[in-house]
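Below: one structure, written as structure tokens.
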2 protein chains.
Amino acid sequence: MMLISEFAKATGLPVDTIRFYIAKGLLRPERSLKGGSNRYQLFNPEDVTAARMIRLQQTLGYTLGEILALNEKYRAGEHSPERTIEVLELQIERLQHRKDALEAALSFLRGKVAWIKSGKPDPAPRLDDYQC
Amino acid sequence: MMLISEFAKATGLPVDTIRFYIAKGLLRPERSLKGGSNRYQLFNPEDVTAARMIRLQQTLGYTLGEILALNEKYRAGEHSPERTIEVLELQIERLQHRKDALEAALSFLRGKVAWIKSGKPDPAPRLDDYQC
DNA sequence: TATAAGTGTGGAGTGCACTCCAGGGTCAAG
DNA sequence: CTTGACCCTGGAGTGCACTCCACACTTATA
């Protein structure tokens with residue numbers, strides 16, 4: 001259990017960004033009894049994982065809205081292993097899709113390097129031949 | 001050689017977005033003699049590839065500014081195979097890095113699914129154990 | 001030759017994801 | 001009991017990547 005500044009250090013996120021995520025519903029820290037009228041927020045290690053997953057998904061091009069939707073689904077089925085697995089496998093599918101596109105692009109670029117190194121004798125590699 | 005609306009169809013990008021990229025210097029179509037005072041822009045198949053590469057890089061999280069910088073470098077060394085290869089390999093490195101992170105995340109998620117399917121006997125998989 | 005469809009420029013507006021206050025409360029150290 | 005370091009909320013501002021006009025010109029079609 002940690003306060004927001006410590007959580008910021010643990011995740012590498014600015015405090016303002018964390019508050020922004022909380023406002024969006026992406027993070028849901030508990031409220032400590034301390035802090036009087038504005039009770040302090042308390043974060044646990046799971047929140048750290050959640051924050052890291054948010055950032056990861058962002059690098060994959062998902063908007064915070066999409067990430068939130070998936071999170072909600074995840075929370076909704078939290079007590080049903082089947083639902084949980086469903087959501088996780090949806091995630092996996094998404095990531096796999098991105099990975100495939102990435103690999104195609106890598107093949108294309110490597111093909112191009114090889115083509116240049118061989119003195120450009122053959123027709124140039126076409127991006128269309130790879131599914132990116 | 002095609003006009004902007006045909007190029008839009010070929011790339012799947014809206015015309016406005018294409019013009020936006022041109023204004024940023026990301027695309028550099030030729031100018032046809034047609035079109036009177038506002039000479040029409042002409043796109044060739046290489047421009048289609050360029051556009052597709054821009055979109056790909058965007059999905060990998062690069063800003064248009066970064067993509068532009070790389071493009072400039074590419075153009076600067078266009079007539080030197082060594083420089084061209086240098087830029088391509090920088091690209092490959094970037095992509096490889098993203099792919100590694102993606103694979104780590106996939107391992108994590110697959111591990112978690114396996115852990116749930118086995119009835120959660122062992123300690124839960126920790127995201128920290130994977131480099132994402 | 002009218003007219004619809006396409007092209008160009010310049011500039012304003014939009015949505016997203018932050019980022020930065022201002023104003024006010026709380027807590028721990030000295 | 002003051003002082004400095006935290007914490008909270010609400011709201012304004014920023015940068016990016018579009019997106020949407022308004023207006024003027026050109027070209028293809030009937």
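Labels for the structure tokens follow display order: chains A, B, ..., residues from 1 in each chain, ligands from 1.
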
Could you fit chain B onto chain A by least squares over every C-alpha atom, paired in order, and give me the moved chain as a CSV table (one decimal) with N, CA and C atoms, in the first residue's frame?
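Contents of out09.csv, freshly written:
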chain,number,residue,atom,x,y,z
B,1,MET,N,0.9,-1.3,-0.2
B,1,MET,CA,0.0,-0.1,-0.1
B,1,MET,C,0.9,1.2,-0.1
B,2,MET,N,0.7,2.0,-1.1
B,2,MET,CA,1.5,3.2,-1.2
B,2,MET,C,0.7,4.5,-1.6
B,3,LEU,N,1.3,5.6,-1.3
B,3,LEU,CA,0.7,6.9,-1.7
B,3,LEU,C,1.0,7.2,-3.1
B,4,ILE,N,0.4,8.2,-3.7
B,4,ILE,CA,0.5,8.5,-5.1
B,4,ILE,C,1.9,8.8,-5.6
B,5,SER,N,2.7,9.5,-4.8
B,5,SER,CA,4.0,9.9,-5.2
B,5,SER,C,4.9,8.6,-5.3
B,6,GLU,N,4.7,7.7,-4.4
B,6,GLU,CA,5.5,6.4,-4.4
B,6,GLU,C,5.0,5.6,-5.6
B,7,PHE,N,3.7,5.6,-5.9
B,7,PHE,CA,3.2,4.9,-7.0
B,7,PHE,C,3.7,5.5,-8.3
B,8,ALA,N,3.9,6.8,-8.3
B,8,ALA,CA,4.4,7.4,-9.5
B,8,ALA,C,5.9,6.9,-9.8
B,9,LYS,N,6.6,6.8,-8.7
B,9,LYS,CA,8.0,6.3,-8.9
B,9,LYS,C,8.0,4.8,-9.3
B,10,ALA,N,7.1,4.1,-8.7
B,10,ALA,CA,7.0,2.6,-9.1
B,10,ALA,C,6.6,2.4,-10.5
B,11,THR,N,5.8,3.3,-11.1
B,11,THR,CA,5.3,3.1,-12.4
B,11,THR,C,6.1,3.9,-13.5
B,12,GLY,N,6.7,5.0,-13.0
B,12,GLY,CA,7.4,5.9,-13.9
B,12,GLY,C,6.5,6.9,-14.5
B,13,LEU,N,5.2,6.9,-14.0
B,13,LEU,CA,4.3,7.9,-14.6
B,13,LEU,C,4.2,9.2,-13.8
B,14,PRO,N,4.0,10.3,-14.4
B,14,PRO,CA,3.8,11.5,-13.6
B,14,PRO,C,2.6,11.5,-12.8
B,15,VAL,N,2.6,12.1,-11.7
B,15,VAL,CA,1.4,12.1,-10.8
B,15,VAL,C,0.1,12.6,-11.5
B,16,ASP,N,0.3,13.6,-12.3
B,16,ASP,CA,-0.9,14.2,-13.0
B,16,ASP,C,-1.5,13.1,-14.0
B,17,THR,N,-0.6,12.4,-14.6
B,17,THR,CA,-1.1,11.3,-15.5
B,17,THR,C,-1.9,10.3,-14.7
B,18,ILE,N,-1.4,9.9,-13.5
B,18,ILE,CA,-2.0,8.9,-12.7
B,18,ILE,C,-3.4,9.4,-12.3
B,19,ARG,N,-3.5,10.7,-11.9
B,19,ARG,CA,-4.8,11.3,-11.5
B,19,ARG,C,-5.7,11.3,-12.7
B,20,PHE,N,-5.2,11.5,-13.9
B,20,PHE,CA,-6.0,11.6,-15.1
B,20,PHE,C,-6.5,10.2,-15.4
B,21,TYR,N,-5.7,9.1,-15.2
B,21,TYR,CA,-6.2,7.8,-15.4
B,21,TYR,C,-7.3,7.4,-14.3
B,22,ILE,N,-7.1,7.9,-13.1
B,22,ILE,CA,-8.1,7.6,-12.1
B,22,ILE,C,-9.4,8.3,-12.5
B,23,ALA,N,-9.3,9.5,-12.9
B,23,ALA,CA,-10.6,10.2,-13.4
B,23,ALA,C,-11.3,9.5,-14.5
B,24,LYS,N,-10.5,8.8,-15.3
B,24,LYS,CA,-11.1,8.1,-16.5
B,24,LYS,C,-11.6,6.7,-16.0
B,25,GLY,N,-11.2,6.3,-14.8
B,25,GLY,CA,-11.7,5.0,-14.3
B,25,GLY,C,-10.7,3.9,-14.7
B,26,LEU,N,-9.6,4.2,-15.2
B,26,LEU,CA,-8.6,3.2,-15.5
B,26,LEU,C,-7.9,2.6,-14.3
B,27,LEU,N,-7.8,3.4,-13.3
B,27,LEU,CA,-7.1,3.0,-12.0
B,27,LEU,C,-8.1,3.3,-10.9
B,28,ARG,N,-8.2,2.4,-10.0
B,28,ARG,CA,-9.2,2.6,-8.9
B,28,ARG,C,-8.5,2.3,-7.5
B,29,PRO,N,-7.7,3.2,-7.1
B,29,PRO,CA,-7.1,3.0,-5.8
B,29,PRO,C,-8.1,3.1,-4.6
B,30,GLU,N,-7.7,2.5,-3.5
B,30,GLU,CA,-8.6,2.6,-2.3
B,30,GLU,C,-8.4,4.0,-1.7
B,31,ARG,N,-9.3,4.3,-0.8
B,31,ARG,CA,-9.1,5.6,-0.1
B,31,ARG,C,-8.7,5.3,1.4
B,32,SER,N,-7.6,5.9,1.7
B,32,SER,CA,-7.2,5.7,3.1
B,32,SER,C,-8.0,6.6,4.1
B,33,LEU,N,-7.9,6.3,5.3
B,33,LEU,CA,-8.6,7.1,6.3
B,33,LEU,C,-7.9,8.5,6.5
B,34,LYS,N,-6.7,8.5,6.1
B,34,LYS,CA,-5.9,9.7,6.3
B,34,LYS,C,-6.2,10.7,5.2
B,35,GLY,N,-6.0,12.0,5.5
B,35,GLY,CA,-6.1,13.0,4.5
B,35,GLY,C,-7.3,13.9,4.8
B,36,GLY,N,-8.0,13.7,5.9
B,36,GLY,CA,-9.1,14.5,6.3
B,36,GLY,C,-10.2,14.5,5.3
B,37,SER,N,-10.6,15.7,4.8
B,37,SER,CA,-11.8,15.8,3.9
B,37,SER,C,-11.4,15.2,2.5
B,38,ASN,N,-10.2,15.4,2.1
B,38,ASN,CA,-9.8,14.8,0.8
B,38,ASN,C,-8.9,13.6,1.1
B,39,ARG,N,-9.6,12.5,1.3
B,39,ARG,CA,-8.9,11.3,1.7
B,39,ARG,C,-7.9,10.8,0.7
B,40,TYR,N,-6.7,10.5,1.2
B,40,TYR,CA,-5.6,10.0,0.3
B,40,TYR,C,-5.9,8.7,-0.4
B,41,GLN,N,-5.4,8.6,-1.6
B,41,GLN,CA,-5.6,7.4,-2.3
B,41,GLN,C,-4.4,6.4,-2.1
B,42,LEU,N,-4.8,5.1,-2.0
B,42,LEU,CA,-3.8,4.1,-1.7
B,42,LEU,C,-3.7,3.1,-2.8
B,43,PHE,N,-2.5,2.8,-3.3
B,43,PHE,CA,-2.2,1.9,-4.4
B,43,PHE,C,-1.6,0.7,-3.9
B,44,ASN,N,-2.0,-0.5,-4.5
B,44,ASN,CA,-1.3,-1.7,-4.2
B,44,ASN,C,-0.5,-2.2,-5.4
B,45,PRO,N,0.3,-3.3,-5.2
B,45,PRO,CA,1.1,-3.8,-6.3
B,45,PRO,C,0.3,-4.1,-7.6
B,46,GLU,N,-0.9,-4.6,-7.4
B,46,GLU,CA,-1.8,-4.9,-8.6
B,46,GLU,C,-2.0,-3.7,-9.5
B,47,ASP,N,-2.1,-2.5,-8.8
B,47,ASP,CA,-2.3,-1.3,-9.5
B,47,ASP,C,-1.1,-1.0,-10.4
B,48,VAL,N,0.1,-1.3,-9.8
B,48,VAL,CA,1.3,-1.1,-10.6
B,48,VAL,C,1.3,-2.0,-11.9
B,49,THR,N,0.9,-3.2,-11.7
B,49,THR,CA,0.7,-4.1,-12.9
B,49,THR,C,-0.3,-3.5,-13.9
B,50,ALA,N,-1.4,-3.0,-13.3
B,50,ALA,CA,-2.4,-2.5,-14.2
B,50,ALA,C,-1.9,-1.3,-15.0
B,51,ALA,N,-1.1,-0.4,-14.3
B,51,ALA,CA,-0.6,0.8,-15.0
B,51,ALA,C,0.4,0.3,-16.1
B,52,ARG,N,1.2,-0.7,-15.8
B,52,ARG,CA,2.1,-1.1,-16.8
B,52,ARG,C,1.4,-1.7,-18.0
B,53,MET,N,0.3,-2.4,-17.8
B,53,MET,CA,-0.5,-3.0,-18.9
B,53,MET,C,-1.1,-1.9,-19.7
B,54,ILE,N,-1.6,-0.8,-19.0
B,54,ILE,CA,-2.1,0.3,-19.8
B,54,ILE,C,-1.1,0.9,-20.7
B,55,ARG,N,0.1,1.1,-20.2
B,55,ARG,CA,1.1,1.7,-21.1
B,55,ARG,C,1.5,0.7,-22.2
B,56,LEU,N,1.5,-0.5,-21.9
B,56,LEU,CA,1.8,-1.5,-23.0
B,56,LEU,C,0.8,-1.4,-24.1
B,57,GLN,N,-0.5,-1.4,-23.7
B,57,GLN,CA,-1.6,-1.4,-24.6
B,57,GLN,C,-1.5,-0.1,-25.5
B,58,GLN,N,-1.1,0.9,-24.8
B,58,GLN,CA,-1.0,2.2,-25.5
B,58,GLN,C,0.0,2.1,-26.6
B,59,THR,N,1.1,1.5,-26.3
B,59,THR,CA,2.2,1.4,-27.4
B,59,THR,C,1.6,0.5,-28.5
B,60,LEU,N,0.6,-0.3,-28.3
B,60,LEU,CA,0.1,-1.1,-29.4
B,60,LEU,C,-1.0,-0.3,-30.1
B,61,GLY,N,-1.3,0.9,-29.7
B,61,GLY,CA,-2.2,1.7,-30.5
B,61,GLY,C,-3.6,1.8,-30.0
B,62,TYR,N,-3.8,1.2,-28.8
B,62,TYR,CA,-5.2,1.3,-28.3
B,62,TYR,C,-5.4,2.6,-27.6
B,63,THR,N,-6.6,3.2,-27.7
B,63,THR,CA,-7.0,4.4,-27.0
B,63,THR,C,-7.3,4.0,-25.6
B,64,LEU,N,-7.3,5.0,-24.7
B,64,LEU,CA,-7.6,4.8,-23.3
B,64,LEU,C,-9.1,4.3,-23.2
B,65,GLY,N,-9.9,4.8,-24.1
B,65,GLY,CA,-11.3,4.3,-24.1
B,65,GLY,C,-11.4,2.8,-24.3
B,66,GLU,N,-10.6,2.3,-25.3
B,66,GLU,CA,-10.6,0.9,-25.6
B,66,GLU,C,-10.1,0.1,-24.4
B,67,ILE,N,-9.0,0.6,-23.9
B,67,ILE,CA,-8.3,0.0,-22.8
B,67,ILE,C,-9.3,-0.1,-21.6
B,68,LEU,N,-10.0,1.0,-21.4
B,68,LEU,CA,-11.0,1.0,-20.3
B,68,LEU,C,-12.1,0.0,-20.5
B,69,ALA,N,-12.6,-0.1,-21.7
B,69,ALA,CA,-13.6,-1.1,-22.0
B,69,ALA,C,-13.2,-2.5,-21.7
B,70,LEU,N,-11.9,-2.8,-22.1
B,70,LEU,CA,-11.4,-4.1,-21.8
B,70,LEU,C,-11.2,-4.4,-20.3
B,71,ASN,N,-10.8,-3.4,-19.6
B,71,ASN,CA,-10.6,-3.4,-18.2
B,71,ASN,C,-11.9,-3.7,-17.5
B,72,GLU,N,-12.9,-3.0,-17.9
B,72,GLU,CA,-14.3,-3.2,-17.3
B,72,GLU,C,-14.7,-4.6,-17.5
B,73,LYS,N,-14.5,-5.1,-18.7
B,73,LYS,CA,-14.9,-6.5,-19.0
B,73,LYS,C,-14.1,-7.5,-18.1
B,74,TYR,N,-12.9,-7.2,-17.9
B,74,TYR,CA,-12.0,-8.0,-17.1
B,74,TYR,C,-12.5,-8.0,-15.6
B,75,ARG,N,-12.8,-6.8,-15.1
B,75,ARG,CA,-13.3,-6.7,-13.8
B,75,ARG,C,-14.7,-7.4,-13.6
B,76,ALA,N,-15.5,-7.2,-14.6
B,76,ALA,CA,-16.9,-7.8,-14.6
B,76,ALA,C,-16.8,-9.3,-14.4
B,77,GLY,N,-15.8,-9.9,-15.0
B,77,GLY,CA,-15.7,-11.4,-14.9
B,77,GLY,C,-14.6,-11.9,-14.0
B,78,GLU,N,-14.3,-11.0,-13.1
B,78,GLU,CA,-13.1,-11.3,-12.2
B,78,GLU,C,-13.3,-12.5,-11.4
B,79,HIS,N,-14.5,-12.9,-11.1
B,79,HIS,CA,-14.7,-14.0,-10.2
B,79,HIS,C,-15.2,-15.2,-11.0
B,80,SER,N,-15.1,-15.1,-12.3
B,80,SER,CA,-15.4,-16.3,-13.2
B,80,SER,C,-14.2,-16.5,-14.0
B,81,PRO,N,-13.5,-17.6,-13.7
B,81,PRO,CA,-12.3,-18.0,-14.5
B,81,PRO,C,-12.5,-18.0,-16.0
B,82,GLU,N,-13.6,-18.5,-16.4
B,82,GLU,CA,-13.9,-18.6,-17.8
B,82,GLU,C,-13.9,-17.2,-18.5
B,83,ARG,N,-14.6,-16.3,-17.9
B,83,ARG,CA,-14.7,-14.9,-18.4
B,83,ARG,C,-13.3,-14.3,-18.4
B,84,THR,N,-12.6,-14.5,-17.4
B,84,THR,CA,-11.3,-13.9,-17.3
B,84,THR,C,-10.4,-14.4,-18.4
B,85,ILE,N,-10.4,-15.7,-18.6
B,85,ILE,CA,-9.7,-16.3,-19.7
B,85,ILE,C,-10.1,-15.8,-21.1
B,86,GLU,N,-11.4,-15.6,-21.2
B,86,GLU,CA,-11.9,-15.1,-22.4
B,86,GLU,C,-11.3,-13.7,-22.8
B,87,VAL,N,-11.3,-12.8,-21.8
B,87,VAL,CA,-10.7,-11.5,-21.9
B,87,VAL,C,-9.2,-11.6,-22.2
B,88,LEU,N,-8.5,-12.4,-21.5
B,88,LEU,CA,-7.1,-12.6,-21.7
B,88,LEU,C,-6.8,-13.1,-23.1
B,89,GLU,N,-7.6,-14.0,-23.6
B,89,GLU,CA,-7.3,-14.5,-24.9
B,89,GLU,C,-7.7,-13.5,-26.0
B,90,LEU,N,-8.6,-12.7,-25.7
B,90,LEU,CA,-8.9,-11.6,-26.7
B,90,LEU,C,-7.6,-10.7,-26.8
B,91,GLN,N,-7.1,-10.4,-25.6
B,91,GLN,CA,-5.8,-9.6,-25.5
B,91,GLN,C,-4.7,-10.3,-26.3
B,92,ILE,N,-4.6,-11.6,-26.1
B,92,ILE,CA,-3.5,-12.3,-26.7
B,92,ILE,C,-3.7,-12.2,-28.2
B,93,GLU,N,-4.9,-12.4,-28.7
B,93,GLU,CA,-5.2,-12.3,-30.1
B,93,GLU,C,-4.8,-11.0,-30.7
B,94,ARG,N,-5.1,-9.9,-30.0
B,94,ARG,CA,-4.7,-8.6,-30.4
B,94,ARG,C,-3.2,-8.5,-30.6
B,95,LEU,N,-2.6,-8.9,-29.5
B,95,LEU,CA,-1.1,-8.8,-29.5
B,95,LEU,C,-0.5,-9.6,-30.6
B,96,GLN,N,-1.1,-10.8,-30.8
B,96,GLN,CA,-0.5,-11.7,-31.8
B,96,GLN,C,-0.7,-11.1,-33.2
B,97,HIS,N,-1.8,-10.4,-33.4
B,97,HIS,CA,-2.1,-9.8,-34.7
B,97,HIS,C,-1.0,-8.7,-34.9
B,98,ARG,N,-0.7,-7.9,-33.9
B,98,ARG,CA,0.3,-6.8,-34.1
B,98,ARG,C,1.7,-7.4,-34.3
B,99,LYS,N,1.9,-8.5,-33.7
B,99,LYS,CA,3.2,-9.2,-33.8
B,99,LYS,C,3.4,-9.7,-35.2
B,100,ASP,N,2.3,-10.2,-35.8
B,100,ASP,CA,2.4,-10.7,-37.2
B,100,ASP,C,2.7,-9.6,-38.1
B,101,ALA,N,2.0,-8.5,-38.0
B,101,ALA,CA,2.2,-7.4,-38.8
B,101,ALA,C,3.7,-6.9,-38.7
B,102,LEU,N,4.1,-6.9,-37.5
B,102,LEU,CA,5.5,-6.4,-37.2
B,102,LEU,C,6.5,-7.3,-37.9
B,103,GLU,N,6.3,-8.6,-37.8
B,103,GLU,CA,7.2,-9.6,-38.4
B,103,GLU,C,7.2,-9.4,-40.0
B,104,ALA,N,6.0,-9.2,-40.5
B,104,ALA,CA,6.0,-9.0,-42.0
B,104,ALA,C,6.8,-7.8,-42.4
B,105,ALA,N,6.7,-6.7,-41.6
B,105,ALA,CA,7.5,-5.5,-41.9
B,105,ALA,C,8.9,-5.8,-41.7
B,106,LEU,N,9.3,-6.5,-40.7
B,106,LEU,CA,10.7,-6.9,-40.5
B,106,LEU,C,11.2,-7.7,-41.7
B,107,SER,N,10.4,-8.6,-42.2
B,107,SER,CA,10.9,-9.4,-43.4
B,107,SER,C,11.1,-8.5,-44.6
B,108,PHE,N,10.2,-7.6,-44.7
B,108,PHE,CA,10.3,-6.6,-45.9
B,108,PHE,C,11.6,-5.8,-45.8
B,109,LEU,N,11.8,-5.3,-44.6
B,109,LEU,CA,13.0,-4.5,-44.4
B,109,LEU,C,14.3,-5.3,-44.6
B,110,ARG,N,14.3,-6.5,-44.0
B,110,ARG,CA,15.5,-7.3,-44.1
B,110,ARG,C,15.7,-7.7,-45.6
B,111,GLY,N,14.6,-8.0,-46.3
B,111,GLY,CA,14.7,-8.3,-47.7
B,111,GLY,C,15.3,-7.2,-48.5
B,112,LYS,N,14.9,-6.0,-48.1
B,112,LYS,CA,15.4,-4.8,-48.8
B,112,LYS,C,16.9,-4.6,-48.6
B,113,VAL,N,17.3,-4.8,-47.4
B,113,VAL,CA,18.7,-4.7,-47.0
B,113,VAL,C,19.5,-5.7,-47.9
B,114,ALA,N,19.0,-7.0,-47.9
B,114,ALA,CA,19.7,-8.0,-48.6
B,114,ALA,C,19.8,-7.7,-50.1
B,115,TRP,N,18.7,-7.1,-50.6
B,115,TRP,CA,18.6,-6.7,-52.0
B,115,TRP,C,19.6,-5.6,-52.3
B,116,ILE,N,19.8,-4.7,-51.5
B,116,ILE,CA,20.8,-3.6,-51.7
B,116,ILE,C,22.2,-4.2,-51.6
B,117,LYS,N,22.4,-5.0,-50.6
B,117,LYS,CA,23.7,-5.6,-50.4
B,117,LYS,C,24.2,-6.4,-51.6
B,118,SER,N,23.2,-7.0,-52.2
B,118,SER,CA,23.5,-7.9,-53.4
B,118,SER,C,23.7,-7.0,-54.7
B,119,GLY,N,23.6,-5.7,-54.5
B,119,GLY,CA,23.9,-4.9,-55.7
B,119,GLY,C,22.6,-4.6,-56.5
B,120,LYS,N,21.4,-4.9,-55.9
B,120,LYS,CA,20.1,-4.6,-56.6
B,120,LYS,C,20.0,-5.2,-58.0
B,121,PRO,N,20.3,-6.5,-58.1
B,121,PRO,CA,20.1,-7.1,-59.4
B,121,PRO,C,18.7,-7.5,-59.7
B,122,ASP,N,18.0,-8.1,-58.7
B,122,ASP,CA,16.6,-8.6,-58.9
B,122,ASP,C,15.7,-7.4,-58.7
B,123,PRO,N,14.4,-7.6,-59.0
B,123,PRO,CA,13.4,-6.6,-58.7
B,123,PRO,C,13.4,-6.3,-57.3
B,124,ALA,N,13.2,-5.0,-56.9
B,124,ALA,CA,13.1,-4.6,-55.5
B,124,ALA,C,12.0,-5.3,-54.8
B,125,PRO,N,12.2,-5.6,-53.5
B,125,PRO,CA,11.1,-6.2,-52.7
B,125,PRO,C,9.9,-5.3,-52.7
B,126,ARG,N,8.7,-5.8,-52.8
B,126,ARG,CA,7.5,-5.0,-52.8
B,126,ARG,C,6.8,-5.1,-51.4
B,127,LEU,N,6.4,-4.0,-50.8
B,127,LEU,CA,5.8,-4.0,-49.5
B,127,LEU,C,4.5,-4.8,-49.6
B,128,ASP,N,3.9,-4.8,-50.8
B,128,ASP,CA,2.6,-5.5,-50.9
B,128,ASP,C,2.7,-7.0,-50.7
B,129,ASP,N,3.9,-7.5,-50.9
B,129,ASP,CA,4.1,-8.9,-50.8
B,129,ASP,C,4.1,-9.4,-49.3
B,130,TYR,N,4.1,-8.4,-48.4
B,130,TYR,CA,4.1,-8.7,-47.0
B,130,TYR,C,2.8,-8.1,-46.4
B,131,GLN,N,2.2,-8.8,-45.5
B,131,GLN,CA,1.0,-8.3,-44.9
B,131,GLN,C,1.3,-7.4,-43.6
B,132,CYS,N,1.3,-6.2,-43.8
B,132,CYS,CA,1.6,-5.3,-42.7
B,132,CYS,C,0.3,-4.6,-42.3

Test item: residues at most 12 Å from DA28 of chain C, only C-alpha atoms (C1' of nucleotides), excluding those fewer than 5 positions along its chain, as a compact mmCIF listing (two decimals) with N, CA and C atoms (P, O5', C5', C4', C3', O3' and C1' of nucleotides), in the first residue's frame:
# COMPACT_ATOMS: atom_id res chain seq x y z
P DT D 3 6.56 30.01 9.89
O5' DT D 3 7.53 29.05 9.04
C5' DT D 3 8.36 28.09 9.72
C4' DT D 3 8.45 26.83 8.87
C3' DT D 3 8.14 27.03 7.39
O3' DT D 3 9.12 26.35 6.63
C1' DT D 3 6.92 25.23 8.25
P DG D 4 9.56 26.88 5.18
O5' DG D 4 9.81 25.50 4.42
C5' DG D 4 10.45 24.42 5.09
C4' DG D 4 9.81 23.11 4.69
C3' DG D 4 9.54 22.98 3.18
O3' DG D 4 10.09 21.75 2.74
C1' DG D 4 7.61 22.42 4.43
P DA D 5 10.22 21.42 1.19
O5' DA D 5 9.51 19.99 1.13
C5' DA D 5 9.71 19.04 2.17
C4' DA D 5 8.55 18.07 2.20
C3' DA D 5 8.10 17.60 0.80
O3' DA D 5 7.92 16.19 0.83
C1' DA D 5 6.27 18.43 2.01
P DC D 6 7.99 15.36 -0.56
O5' DC D 6 6.55 14.66 -0.62
C5' DC D 6 5.43 15.48 -0.64
C4' DC D 6 4.27 14.79 0.04
C3' DC D 6 3.23 14.36 -0.98
O3' DC D 6 2.81 13.03 -0.79
C1' DC D 6 2.29 15.93 0.58

Per DSSP on the backbone, filter chain A down to the residues in alpha helix (DSSP H) and report them as a ChimeraX atom specification. /A:4-11,15-24,45-59,64-76,81-117

Enumerate as number ranges by chain the residues belonging to chain D that approach chain B to within 10 Å, with only C-alpha atoms (C1' of nucleotides) taken into account. D: 16-20, 24-27

If we count only C-alpha atoms (C1' of nucleotides), which residues of chain C reach to within 12 Å of chain B? Please list them as an MDAnalysis selection string. chainID C and resid 5:10

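Between atom C1' of DG10 of chain D and atom C1' of DA12 of chain C there is a distance of 28.1 Å.
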
Name the residues of chain A that fall into strand (DSSP E) according to DSSP on the backbone, using the chain letters and numbers of this document, as a list in words.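 Of chain A, the ones in strand (DSSP E) are Glu30, Arg31, Gln41 and Leu42 of chain A.
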
Atoms to include: C-alpha atoms. Write the selected residues as an mmCIF file, in the first residue's frame.
data_model
loop_
_atom_site.group_PDB
_atom_site.id
_atom_site.type_symbol
_atom_site.label_atom_id
_atom_site.label_comp_id
_atom_site.auth_asym_id
_atom_site.auth_seq_id
_atom_site.Cartn_x
_atom_site.Cartn_y
_atom_site.Cartn_z
ATOM 1 C CA GLU A 30 -8.600 2.623 -2.337
ATOM 2 C CA ARG A 31 -9.250 5.590 -0.093
ATOM 3 C CA GLN A 41 -5.652 7.345 -2.321
ATOM 4 C CA LEU A 42 -3.825 4.100 -1.629
#
